[in-house]
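Asker: Dropping in entry36.txt, with compact mmCIF, C-alpha atoms and all ligand atoms.
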```
# COMPACT_ATOMS: atom_id res chain seq x y z
CA MET K 1 123.44 111.42 136.54
CA SER K 2 119.88 111.73 135.22
CA GLY K 3 117.67 108.66 135.38
CA VAL K 4 117.99 106.40 132.35
CA ILE K 5 115.08 106.88 129.95
CA THR K 6 114.22 103.91 127.73
CA VAL K 7 111.72 104.08 124.88
CA VAL K 8 110.67 101.62 122.19
CA ALA K 9 109.41 102.71 118.77
CA PRO K 10 108.06 100.46 116.04
CA VAL K 11 108.63 100.63 112.31
CA ASN K 12 106.01 102.10 110.03
CA ILE K 13 105.14 100.85 106.56
CA ALA K 14 103.97 103.46 104.06
CA VAL K 15 100.91 102.95 101.88
CA ILE K 16 101.51 106.28 100.12
CA LYS K 17 105.26 106.40 99.66
CA TYR K 18 107.66 109.23 100.45
CA TRP K 19 110.13 109.47 97.56
CA GLY K 20 112.07 112.65 96.85
CA LYS K 21 113.15 115.66 98.92
CA ARG K 22 112.36 119.33 98.45
CA ASP K 23 115.21 120.13 100.88
CA GLU K 24 118.04 117.60 101.32
CA GLU K 25 119.47 119.03 104.53
CA LEU K 26 116.22 119.63 106.40
CA ILE K 27 114.73 116.41 104.94
CA ILE K 28 111.56 118.04 103.65
CA PRO K 29 109.70 115.74 101.23
CA LEU K 30 108.31 116.55 97.81
CA ASN K 31 105.03 114.82 98.62
CA ASP K 32 102.75 113.83 101.49
CA SER K 33 102.86 110.21 102.63
CA VAL K 34 100.68 107.89 104.71
CA SER K 35 101.67 104.86 106.79
CA ALA K 36 100.63 102.45 109.51
CA THR K 37 102.82 102.11 112.59
CA LEU K 38 103.29 98.45 113.48
CA ASP K 39 103.02 96.76 116.83
CA THR K 40 105.83 97.58 119.26
CA ASN K 41 106.67 93.98 120.02
CA VAL K 42 107.31 92.80 116.46
CA MET K 43 109.76 95.13 114.76
CA CYS K 44 111.04 97.93 116.89
CA ALA K 45 114.00 99.96 118.02
CA LYS K 46 114.79 100.36 121.72
CA THR K 47 116.79 103.36 122.86
CA SER K 48 118.11 104.36 126.28
CA VAL K 49 119.47 107.83 127.00
CA CYS K 50 120.96 109.53 130.03
CA VAL K 51 123.02 112.65 130.77
CA SER K 52 125.58 113.31 133.47
CA PRO K 53 127.93 116.12 134.51
CA ASP K 54 130.58 113.35 134.68
CA PHE K 55 130.31 112.34 131.01
CA VAL K 56 133.16 113.93 129.03
CA LYS K 57 131.59 113.65 125.57
CA ASP K 58 128.44 112.63 123.75
CA GLU K 59 128.61 108.91 122.92
CA ILE K 60 126.39 106.39 121.12
CA TRP K 61 126.25 102.60 120.89
CA LEU K 62 124.20 101.03 118.06
CA ASN K 63 123.36 97.33 118.33
CA GLY K 64 126.19 96.96 120.86
CA ARG K 65 128.84 98.73 118.74
CA LYS K 66 130.25 102.13 119.55
CA GLU K 67 129.59 104.56 116.67
CA SER K 68 130.59 108.12 115.92
CA PHE K 69 128.35 110.86 117.32
CA THR K 70 129.43 113.22 114.54
CA SER K 71 126.68 112.26 112.05
CA PRO K 72 124.93 115.51 111.05
CA ARG K 73 121.52 113.82 111.29
CA LEU K 74 122.18 112.70 114.85
CA GLN K 75 123.54 116.13 115.77
CA ASN K 76 120.49 117.84 114.22
CA CYS K 77 118.10 115.70 116.28
CA LEU K 78 119.93 116.41 119.55
CA ARG K 79 120.20 120.13 118.74
CA GLY K 80 116.52 120.23 117.73
CA ILE K 81 115.34 118.71 121.01
CA LYS K 82 117.66 120.85 123.13
CA SER K 83 116.53 124.08 121.50
CA ARG K 84 112.88 123.03 121.93
CA ALA K 85 113.59 122.28 125.62
CA ALA K 86 115.25 125.70 125.98
CA ALA K 87 112.23 127.40 124.35
CA GLU K 88 109.82 125.51 126.61
CA ARG K 89 112.10 126.07 129.66
CA SER K 90 111.42 122.45 130.54
CA VAL K 91 114.87 121.80 132.09
CA ASP K 92 117.58 124.11 133.42
CA ASP K 93 120.66 125.26 131.51
CA ALA K 94 123.04 123.04 133.48
CA PHE K 95 121.06 119.92 132.56
CA LEU K 96 121.10 121.02 128.91
CA SER K 97 124.89 121.38 128.98
CA TRP K 98 125.61 117.87 130.30
CA LYS K 99 126.91 115.30 127.80
CA ILE K 100 124.68 112.44 126.74
CA HIS K 101 125.09 108.68 126.33
CA VAL K 102 122.76 106.88 123.89
CA CYS K 103 122.34 103.14 123.50
CA SER K 104 120.08 101.84 120.73
CA GLU K 105 119.23 98.46 119.25
CA ASN K 106 116.88 97.00 116.60
CA ASN K 107 115.26 93.60 116.74
CA PHE K 108 115.27 93.25 112.92
CA PRO K 109 117.77 93.58 110.03
CA THR K 110 119.22 97.04 109.47
CA ALA K 111 119.04 98.75 106.06
CA ALA K 112 117.28 95.96 104.17
CA GLY K 113 114.20 97.98 103.36
CA LEU K 114 112.67 97.27 106.76
CA ALA K 115 112.46 100.88 107.89
CA SER K 116 115.17 100.53 110.52
CA SER K 117 116.13 104.21 110.36
CA ALA K 118 112.49 105.22 110.84
CA ALA K 119 112.16 103.28 114.07
CA GLY K 120 115.68 104.24 115.19
CA TYR K 121 115.31 107.99 114.88
CA ALA K 122 111.69 108.03 116.10
CA CYS K 123 112.89 106.16 119.15
CA LEU K 124 115.90 108.40 119.72
CA VAL K 125 113.87 111.60 119.43
CA SER K 126 111.04 110.26 121.62
CA ALA K 127 113.61 109.25 124.27
CA LEU K 128 115.33 112.66 124.08
CA ALA K 129 111.95 114.43 124.32
CA LYS K 130 111.22 112.49 127.50
CA LEU K 131 114.66 113.13 128.94
CA TYR K 132 114.46 116.89 128.31
CA LYS K 133 110.72 117.00 129.16
CA VAL K 134 109.69 118.43 125.77
CA LYS K 135 105.91 118.50 125.53
CA SER K 136 105.24 119.75 121.97
CA ASP K 137 105.11 117.66 118.79
CA VAL K 138 108.56 116.25 117.96
CA SER K 139 107.78 114.67 114.58
CA SER K 140 109.53 117.52 112.75
CA ILE K 141 112.66 116.80 114.81
CA ALA K 142 112.50 113.03 114.13
CA ARG K 143 112.25 114.00 110.45
CA LEU K 144 115.72 115.55 110.69
CA GLY K 145 117.10 112.09 111.49
CA SER K 146 115.33 110.24 108.69
CA GLY K 147 112.27 111.45 106.82
CA SER K 148 110.07 108.43 107.46
CA ALA K 149 110.97 108.53 111.19
CA CYS K 150 108.49 111.35 111.74
CA ARG K 151 105.66 108.89 111.01
CA SER K 152 106.85 106.39 113.68
CA VAL K 153 106.43 109.03 116.39
CA TYR K 154 102.69 108.26 116.33
CA GLY K 155 100.73 104.99 116.42
CA GLY K 156 97.83 103.88 114.24
CA PHE K 157 97.61 105.38 110.76
CA VAL K 158 99.71 108.49 110.22
CA HIS K 159 99.84 111.27 107.61
CA TRP K 160 103.13 113.08 107.01
CA HIS K 161 102.31 116.49 105.54
CA ALA K 162 104.98 117.70 103.13
CA GLY K 163 104.33 121.29 104.17
CA VAL K 164 105.11 124.44 102.20
CA LYS K 165 107.39 126.47 104.49
CA PRO K 166 111.09 126.72 103.59
CA ASP K 167 112.18 125.91 107.18
CA GLY K 168 110.14 122.67 107.33
CA THR K 169 108.27 123.64 110.50
CA ASP K 170 104.99 122.57 108.86
CA SER K 171 106.45 119.29 107.57
CA ILE K 172 105.03 117.24 110.42
CA ALA K 173 103.21 113.97 111.03
CA THR K 174 99.67 113.77 112.37
CA GLN K 175 97.65 110.77 113.40
CA ILE K 176 94.72 109.91 111.09
CA VAL K 177 93.21 107.35 113.47
CA ASP K 178 94.66 105.48 116.43
CA SER K 179 95.32 101.75 116.51
CA SER K 180 91.92 100.94 118.05
CA HIS K 181 90.07 102.34 115.03
CA TRP K 182 90.57 99.33 112.73
CA PRO K 183 91.42 96.47 115.12
CA GLN K 184 91.09 93.78 112.42
CA MET K 185 93.90 95.27 110.33
CA ARG K 186 97.07 93.18 110.12
CA ALA K 187 100.44 93.66 108.48
CA LEU K 188 102.43 90.61 107.44
CA ILE K 189 106.06 91.17 106.54
CA LEU K 190 107.47 88.55 104.18
CA VAL K 191 111.21 88.54 104.63
CA VAL K 192 112.62 87.96 101.17
CA GLY K 193 116.18 88.98 102.02
CA ASP K 194 118.05 90.75 104.78
CA HIS K 195 121.04 91.86 102.69
CA ARG K 196 121.85 95.57 102.62
CA LYS K 197 120.28 97.39 99.69
CA LYS K 198 122.56 98.51 96.85
CA VAL K 199 121.07 101.99 96.40
CA SER K 200 120.24 103.71 99.68
CA SER K 201 116.89 105.51 99.89
CA THR K 202 118.67 108.85 100.27
CA LYS K 203 120.71 108.30 97.10
CA GLY K 204 117.82 106.76 95.15
CA MET K 205 115.53 109.69 95.94
CA LYS K 206 118.17 112.13 94.71
CA ILE K 207 118.61 110.30 91.38
CA SER K 208 114.83 110.06 90.91
CA LYS K 209 114.28 113.75 91.67
CA GLU K 210 116.95 114.76 89.18
CA THR K 211 116.00 112.41 86.35
CA SER K 212 112.51 110.89 86.57
CA GLU K 213 109.69 112.59 84.66
CA LEU K 214 107.28 110.12 86.21
CA LEU K 215 108.19 111.48 89.66
CA GLN K 216 107.03 114.96 88.65
CA TYR K 217 103.75 113.49 87.36
CA ARG K 218 103.32 111.47 90.56
CA ILE K 219 103.73 114.34 93.01
CA THR K 220 101.36 116.68 91.19
CA LYS K 221 98.79 114.42 89.57
CA CYS K 222 98.58 111.32 91.76
CA VAL K 223 99.67 111.69 95.38
CA PRO K 224 97.33 114.54 96.42
CA PHE K 225 94.25 112.59 95.28
CA ARG K 226 95.48 109.24 96.54
CA THR K 227 96.33 110.71 99.94
CA GLU K 228 92.88 112.14 100.39
CA ALA K 229 91.21 108.95 99.14
CA ILE K 230 93.23 106.59 101.33
CA CYS K 231 92.70 108.73 104.45
CA GLN K 232 88.97 108.48 103.76
CA ALA K 233 89.20 104.71 103.13
CA ILE K 234 91.01 104.32 106.48
CA ARG K 235 88.35 106.36 108.30
CA ASP K 236 85.59 104.35 106.56
CA LYS K 237 87.43 101.04 107.07
CA ASP K 238 86.97 100.40 103.36
CA PHE K 239 89.54 97.66 102.81
CA ALA K 240 88.99 97.24 99.04
CA LYS K 241 89.69 100.93 98.40
CA PHE K 242 92.60 100.96 100.85
CA ALA K 243 94.14 97.91 99.14
CA GLU K 244 93.80 99.23 95.60
CA ILE K 245 95.45 102.55 96.42
CA THR K 246 98.21 100.87 98.45
CA MET K 247 99.18 98.51 95.62
CA LYS K 248 99.00 101.18 92.92
CA ASP K 249 101.17 103.52 94.94
CA SER K 250 103.80 100.84 95.61
CA ASN K 251 103.87 99.99 91.90
CA GLN K 252 104.24 103.63 90.94
CA PHE K 253 107.11 104.13 93.36
CA HIS K 254 108.98 101.14 91.89
CA ALA K 255 108.20 102.36 88.36
CA ILE K 256 109.91 105.63 89.30
CA CYS K 257 113.01 103.69 90.35
CA LEU K 258 113.13 102.20 86.85
CA ASP K 259 112.33 105.58 85.29
CA SER K 260 115.35 107.08 87.05
CA TYR K 261 118.61 107.39 85.16
CA PRO K 262 120.63 105.34 85.81
CA PRO K 263 117.77 103.06 86.85
CA PHE K 264 117.75 100.92 89.98
CA ALA K 265 115.40 98.20 91.19
CA TYR K 266 114.52 96.94 94.64
CA LEU K 267 112.04 94.25 93.61
CA THR K 268 113.41 90.77 92.93
CA ALA K 269 111.89 87.74 91.16
CA THR K 270 110.55 86.63 94.55
CA SER K 271 108.93 90.04 95.11
CA MET K 272 107.26 89.72 91.69
CA LYS K 273 106.04 86.24 92.58
CA ILE K 274 104.38 87.71 95.68
CA ILE K 275 102.74 90.46 93.57
CA ASP K 276 101.37 87.82 91.15
CA PHE K 277 100.09 85.73 94.04
CA VAL K 278 98.23 88.66 95.61
CA HIS K 279 96.49 89.60 92.36
CA LYS K 280 95.49 85.96 91.70
CA TYR K 281 94.24 85.59 95.28
CA ASN K 282 92.16 88.78 95.01
CA ASP K 283 90.78 87.70 91.60
CA ILE K 284 89.59 84.40 93.08
CA CYS K 285 88.00 86.27 96.02
CA GLY K 286 86.30 88.66 93.60
CA GLU K 287 87.55 91.69 95.57
CA PRO K 288 90.82 92.91 97.09
CA ARG K 289 91.40 90.99 100.34
CA VAL K 290 95.17 91.43 100.48
CA ALA K 291 97.38 94.39 99.54
CA TYR K 292 101.13 94.29 98.98
CA THR K 293 103.53 97.15 99.36
CA PHE K 294 107.32 97.19 98.95
CA ASP K 295 109.74 99.80 100.27
CA ALA K 296 113.33 100.29 99.13
CA GLY K 297 114.02 96.57 99.33
CA SER K 298 112.70 93.20 98.23
CA ASN K 299 110.71 92.39 101.40
CA ALA K 300 106.94 92.49 101.04
CA CYS K 301 104.50 93.96 103.49
CA LEU K 302 101.03 92.53 103.08
CA TYR K 303 98.10 94.39 104.59
CA LEU K 304 95.05 92.22 105.22
CA LEU K 305 92.25 91.75 107.70
CA GLU K 306 92.59 89.28 110.57
CA ASP K 307 90.23 86.62 109.09
CA GLU K 308 92.36 86.37 105.97
CA VAL K 309 95.68 85.72 107.76
CA PRO K 310 95.53 81.88 108.11
CA LYS K 311 94.38 81.43 104.49
CA VAL K 312 97.05 83.73 103.09
CA LEU K 313 99.80 82.20 105.22
CA GLY K 314 98.75 78.73 104.02
CA VAL K 315 98.99 79.71 100.36
CA ILE K 316 102.34 81.46 100.87
CA GLN K 317 103.78 78.42 102.60
CA SER K 318 102.74 76.23 99.65
CA LEU K 319 104.14 78.77 97.14
CA PHE K 320 107.42 79.10 99.05
CA PRO K 321 107.98 75.66 100.64
CA SER K 322 111.38 76.68 102.03
CA SER K 323 109.85 79.48 104.13
CA THR K 324 110.15 79.11 107.90
CA PRO K 325 108.27 80.84 110.72
CA ASP K 326 111.17 83.34 110.74
CA SER K 327 110.20 84.37 107.19
CA PHE K 328 107.07 86.03 108.54
CA ILE K 329 106.67 88.90 110.90
CA LYS K 330 103.13 89.64 111.94
CA GLY K 331 102.13 93.03 113.19
CA LEU K 332 99.29 95.41 113.57
CA PRO K 333 99.04 99.14 113.99
CA ALA K 334 100.05 100.18 117.48
CA ARG K 335 101.40 103.05 119.56
CA VAL K 336 104.84 104.18 120.64
CA GLU K 337 105.12 103.41 124.32
CA PRO K 338 107.79 103.92 126.92
CA VAL K 339 108.91 100.72 128.67
C1 LIG H 401 108.50 105.47 102.75
N1 LIG H 401 110.82 105.02 101.99
O1 LIG H 401 107.56 106.28 102.61
C2 LIG H 401 109.49 105.34 101.61
C3 LIG H 401 109.10 104.29 100.63
C4 LIG H 401 111.39 103.99 101.19
C5 LIG H 401 110.39 103.70 100.14
O2 LIG H 401 110.90 106.55 103.57
O3 LIG H 401 116.77 110.01 103.30
O4 LIG H 401 115.06 106.16 105.13
O5 LIG H 401 116.51 109.19 105.65
O6 LIG H 401 114.76 110.63 104.61
O7 LIG H 401 113.28 107.91 105.52
C6 LIG H 401 112.91 105.49 103.17
O8 LIG H 401 113.47 106.75 103.29
O9 LIG H 401 115.12 108.31 103.83
C7 LIG H 401 111.48 105.73 102.92
P1 LIG H 401 115.81 109.62 104.36
P2 LIG H 401 114.22 107.28 104.59
O10 LIG H 401 108.59 104.75 103.76
```
If you convert what's in this file into structure tokens, what do you get?
Answerer:
Amino acid sequence: MSGVITVVAPVNIAVIKYWGKRDEELIIPLNDSVSATLDTNVMCAKTSVCVSPDFVKDEIWLNGRKESFTSPRLQNCLRGIKSRAAAERSVDDAFLSWKIHVCSENNFPTAAGLASSAAGYACLVSALAKLYKVKSDVSSIARLGSGSACRSVYGGFVHWHAGVKPDGTDSIATQIVDSSHWPQMRALILVVGDHRKKVSSTKGMKISKETSELLQYRITKCVPFRTEAICQAIRDKDFAKFAEITMKDSNQFHAICLDSYPPFAYLTATSMKIIDFVHKYNDICGEPRVAYTFDAGSNACLYLLEDEVPKVLGVIQSLFPSSTPDSFIKGLPARVEPV
């Protein structure tokens, strides 16, 4: 049996959202996106892999439950890594032919808009890359598992380039800056609900692509400029600019969900209360000090600088008296690291 390889990978939270696919099967997006990868010890997936000539079939356990290995996304990731390993001649043919056992777990709710698939597939592909000694960039392989997973392969702030090639080989993630670049940056996740979302991201993107005129406007007229501007704001550590673009992009993504036909909504009354609070807080400060962003779920991610955290937490606790320490998850940009 090979040694057991264990890797942890954190979630990433997009500030320029990925929404819509150019190619459904290869998971190639319609637009570029930008995210921050959170700290490994707050919200992460942990995956162990090993191969053996004694294993009779490929098997996977997710959060302690045995699952089917037949998922095309899972198969594509394994095939992608193995063919890369064969091209790089990093392991011998016998090793490549052995069956694999995978064991993966999350330390946060699955499928509630908390980017569980991003961390899960980034972790799986990073673990496989280590097992098969693949040295080249594997973000395009993580992408085959779940689009946003390609961004969790790197730490710090990350840019996923949509690419133009039909085979998706240029649809890869690159690091904008590493986690040491903006050490004051914090992400605060406000857990509004951990129920499973009604419309999956995959299904929602498909409906939006087919029906939303706003989506067409967004990918041509907004995202290219916003992406360039937010990358610059990150390099310049210009929080006000970063916050404005982040909030506008989240709002536009949720507007597209409503512009889809039939429409769907991920934001709840509590999410809207958080949006109102952030704008009032920023108005009182006279400049953006906090930015909200919401993925395909009701949970908020607030980006803010370290100094602001105690003040913001105090106001949130008074606005939501029933909140407990478990309602908050604090993180900061970090790297993917093997344990
Ligand atoms: C993002 N989301 O950029 C956006 C914002 C949700 C809203 O990436 O179909 O789970 O597996 O590629 O990656 C969620 O989409 O979807 C997502 P698939 P994925 O983070």
Asker: When distances are computed from only C-alpha atoms and all ligand atoms, which of K:Ser323, K:Gln232, K:Ser298, K:Ser212 shows the smallest separation from ligand LIG 401 (chain H)?
Answerer: K:Ser298
Asker: Work out how far atom CA of Ser152 of chain K is from atom CA of Val11 of chain K, in Å to one decimal.
Answerer: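 Going from atom CA of Val11 of chain K over to atom CA of Ser152 of chain K covers 6.2 Å.
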Asker: Using all atoms listed in the file, which residues sit within 8 Å of segment 289-292 of chain K once same-chain residues fewer than 5 positions away are excluded, as a PyMOL selection string?
Answerer: chain K and resi 239-240+243-244+246-247+250+275+278+281-282+300-305+308
Asker: Could the residues that lie within 10 Å of ligand LIG 401 (chain H), counting all atoms listed in the file, be listed as a PDB file with C-alpha atoms, in the frame of the given file?
Answerer:
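Output contents, as saved in out34.pdb:
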```pdb
ATOM      1  CA  VAL K  11     108.630 100.630 112.310  1.00  0.00           C
ATOM      2  CA  ASN K  12     106.010 102.100 110.030  1.00  0.00           C
ATOM      3  CA  ILE K  13     105.140 100.850 106.560  1.00  0.00           C
ATOM      4  CA  ALA K  14     103.970 103.460 104.060  1.00  0.00           C
ATOM      5  CA  VAL K  15     100.910 102.950 101.880  1.00  0.00           C
ATOM      6  CA  ILE K  16     101.510 106.280 100.120  1.00  0.00           C
ATOM      7  CA  LYS K  17     105.260 106.400  99.660  1.00  0.00           C
ATOM      8  CA  TYR K  18     107.660 109.230 100.450  1.00  0.00           C
ATOM      9  CA  TRP K  19     110.130 109.470  97.560  1.00  0.00           C
ATOM     10  CA  GLY K  20     112.070 112.650  96.850  1.00  0.00           C
ATOM     11  CA  LYS K  21     113.150 115.660  98.920  1.00  0.00           C
ATOM     12  CA  GLU K  24     118.040 117.600 101.320  1.00  0.00           C
ATOM     13  CA  GLU K  25     119.470 119.030 104.530  1.00  0.00           C
ATOM     14  CA  LEU K  26     116.220 119.630 106.400  1.00  0.00           C
ATOM     15  CA  ILE K  27     114.730 116.410 104.940  1.00  0.00           C
ATOM     16  CA  ILE K  28     111.560 118.040 103.650  1.00  0.00           C
ATOM     17  CA  PRO K  29     109.700 115.740 101.230  1.00  0.00           C
ATOM     18  CA  ASN K  31     105.030 114.820  98.620  1.00  0.00           C
ATOM     19  CA  ASP K  32     102.750 113.830 101.490  1.00  0.00           C
ATOM     20  CA  SER K  33     102.860 110.210 102.630  1.00  0.00           C
ATOM     21  CA  VAL K  34     100.680 107.890 104.710  1.00  0.00           C
ATOM     22  CA  SER K  35     101.670 104.860 106.790  1.00  0.00           C
ATOM     23  CA  ARG K  73     121.520 113.820 111.290  1.00  0.00           C
ATOM     24  CA  ALA K 111     119.040  98.750 106.060  1.00  0.00           C
ATOM     25  CA  GLY K 113     114.200  97.980 103.360  1.00  0.00           C
ATOM     26  CA  LEU K 114     112.670  97.270 106.760  1.00  0.00           C
ATOM     27  CA  ALA K 115     112.460 100.880 107.890  1.00  0.00           C
ATOM     28  CA  SER K 116     115.170 100.530 110.520  1.00  0.00           C
ATOM     29  CA  SER K 117     116.130 104.210 110.360  1.00  0.00           C
ATOM     30  CA  ALA K 118     112.490 105.220 110.840  1.00  0.00           C
ATOM     31  CA  ALA K 119     112.160 103.280 114.070  1.00  0.00           C
ATOM     32  CA  TYR K 121     115.310 107.990 114.880  1.00  0.00           C
ATOM     33  CA  ARG K 143     112.250 114.000 110.450  1.00  0.00           C
ATOM     34  CA  LEU K 144     115.720 115.550 110.690  1.00  0.00           C
ATOM     35  CA  GLY K 145     117.100 112.090 111.490  1.00  0.00           C
ATOM     36  CA  SER K 146     115.330 110.240 108.690  1.00  0.00           C
ATOM     37  CA  GLY K 147     112.270 111.450 106.820  1.00  0.00           C
ATOM     38  CA  SER K 148     110.070 108.430 107.460  1.00  0.00           C
ATOM     39  CA  ALA K 149     110.970 108.530 111.190  1.00  0.00           C
ATOM     40  CA  CYS K 150     108.490 111.350 111.740  1.00  0.00           C
ATOM     41  CA  ARG K 151     105.660 108.890 111.010  1.00  0.00           C
ATOM     42  CA  TRP K 160     103.130 113.080 107.010  1.00  0.00           C
ATOM     43  CA  SER K 200     120.240 103.710  99.680  1.00  0.00           C
ATOM     44  CA  SER K 201     116.890 105.510  99.890  1.00  0.00           C
ATOM     45  CA  THR K 202     118.670 108.850 100.270  1.00  0.00           C
ATOM     46  CA  LYS K 203     120.710 108.300  97.100  1.00  0.00           C
ATOM     47  CA  GLY K 204     117.820 106.760  95.150  1.00  0.00           C
ATOM     48  CA  MET K 205     115.530 109.690  95.940  1.00  0.00           C
ATOM     49  CA  LYS K 206     118.170 112.130  94.710  1.00  0.00           C
ATOM     50  CA  ASP K 249     101.170 103.520  94.940  1.00  0.00           C
ATOM     51  CA  SER K 250     103.800 100.840  95.610  1.00  0.00           C
ATOM     52  CA  PHE K 253     107.110 104.130  93.360  1.00  0.00           C
ATOM     53  CA  HIS K 254     108.980 101.140  91.890  1.00  0.00           C
ATOM     54  CA  TYR K 266     114.520  96.940  94.640  1.00  0.00           C
ATOM     55  CA  THR K 293     103.530  97.150  99.360  1.00  0.00           C
ATOM     56  CA  PHE K 294     107.320  97.190  98.950  1.00  0.00           C
ATOM     57  CA  ASP K 295     109.740  99.800 100.270  1.00  0.00           C
ATOM     58  CA  ALA K 296     113.330 100.290  99.130  1.00  0.00           C
ATOM     59  CA  GLY K 297     114.020  96.570  99.330  1.00  0.00           C
TER      60      GLY K 297
END
```
Asker: In Å, with one decimal, what is the gap from atom CA of Ala162 of chain K to atom CA of Thr174 of chain K?
Answerer: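 Straight-line distance from atom CA of Ala162 of chain K to atom CA of Thr174 of chain K works out to 11.4 Å.
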Asker: Give me the residues of segment 24-100 of chain K that have any atom at most 6 Å from an atom of segment 104-108 of chain K; for each, the nearest atom pair and the distance in Å, rounded to one decimal. Use all atoms listed in the file, sort by chain and number, and format it as JSON lines.
Answerer:
```
{"residue": "K:Cys44", "atom": "CA", "partner": "K:Asn106", "partner_atom": "CA", "distance": 5.9}
{"residue": "K:Ala45", "atom": "CA", "partner": "K:Asn106", "partner_atom": "CA", "distance": 4.4}
{"residue": "K:Lys46", "atom": "CA", "partner": "K:Glu105", "partner_atom": "CA", "distance": 5.4}
{"residue": "K:Thr47", "atom": "CA", "partner": "K:Ser104", "partner_atom": "CA", "distance": 4.2}
{"residue": "K:Leu62", "atom": "CA", "partner": "K:Ser104", "partner_atom": "CA", "distance": 5.0}
{"residue": "K:Asn63", "atom": "CA", "partner": "K:Glu105", "partner_atom": "CA", "distance": 4.4}
```
Asker: At what distance in Å, to one decimal, does atom CA of Gly193 of chain K lie from atom CA of Ala255 of chain K?
Answerer: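 One can read the atom CA of Ala255 of chain K to atom CA of Gly193 of chain K distance as 20.7 Å.
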Asker: Nearest to Val177 of chain K among K:Tyr261, K:Phe320, K:Tyr132, K:Tyr154, with distances taken over all atoms listed in the file: which residue is it?
Answerer: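 Among the listed residues, the smallest separation from Val177 of chain K belongs to K:Tyr154.
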Asker: Taking all atoms listed in the file into account, which of K:Ile5, K:Leu319, K:Val49, K:Leu188 comes nearest Glu306 of chain K?
Answerer: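 Of the candidates, the smallest distance to Glu306 of chain K is held by K:Leu188.
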Asker: Would you pick out the contacts of Met1 of chain K at 12 Å or less, using only C-alpha atoms, so that residues sharing its chain but fewer than 2 positions from it are not included, and give the list as a PyMOL selection string?
Answerer: chain K and resi 3-5+49-55+95+98-101+131
Asker: Taking only C-alpha atoms into account, which of K:Thr220, K:Thr268, K:Arg186, K:Ile234 comes nearest Val312 of chain K?
Answerer: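 Smallest distance to Val312 of chain K is found for K:Arg186.
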Asker: Around the point (94.4, 107.7, 98.7) (coordinates from the file), which residues reach within 9 Å if we count only C-alpha atoms? Answer as number ranges by chain.
Answerer: K: 15-16, 34, 222-233, 241-242, 245-246, 249
Asker: Limited to C-alpha atoms, could you put the picked residues into a file as a compact mmCIF listing (two decimals), in the coordinates of the input?
Answerer:
```
# COMPACT_ATOMS: atom_id res chain seq x y z
CA VAL K 15 100.91 102.95 101.88
CA ILE K 16 101.51 106.28 100.12
CA VAL K 34 100.68 107.89 104.71
CA CYS K 222 98.58 111.32 91.76
CA VAL K 223 99.67 111.69 95.38
CA PRO K 224 97.33 114.54 96.42
CA PHE K 225 94.25 112.59 95.28
CA ARG K 226 95.48 109.24 96.54
CA THR K 227 96.33 110.71 99.94
CA GLU K 228 92.88 112.14 100.39
CA ALA K 229 91.21 108.95 99.14
CA ILE K 230 93.23 106.59 101.33
CA CYS K 231 92.70 108.73 104.45
CA GLN K 232 88.97 108.48 103.76
CA ALA K 233 89.20 104.71 103.13
CA LYS K 241 89.69 100.93 98.40
CA PHE K 242 92.60 100.96 100.85
CA ILE K 245 95.45 102.55 96.42
CA THR K 246 98.21 100.87 98.45
CA ASP K 249 101.17 103.52 94.94
```
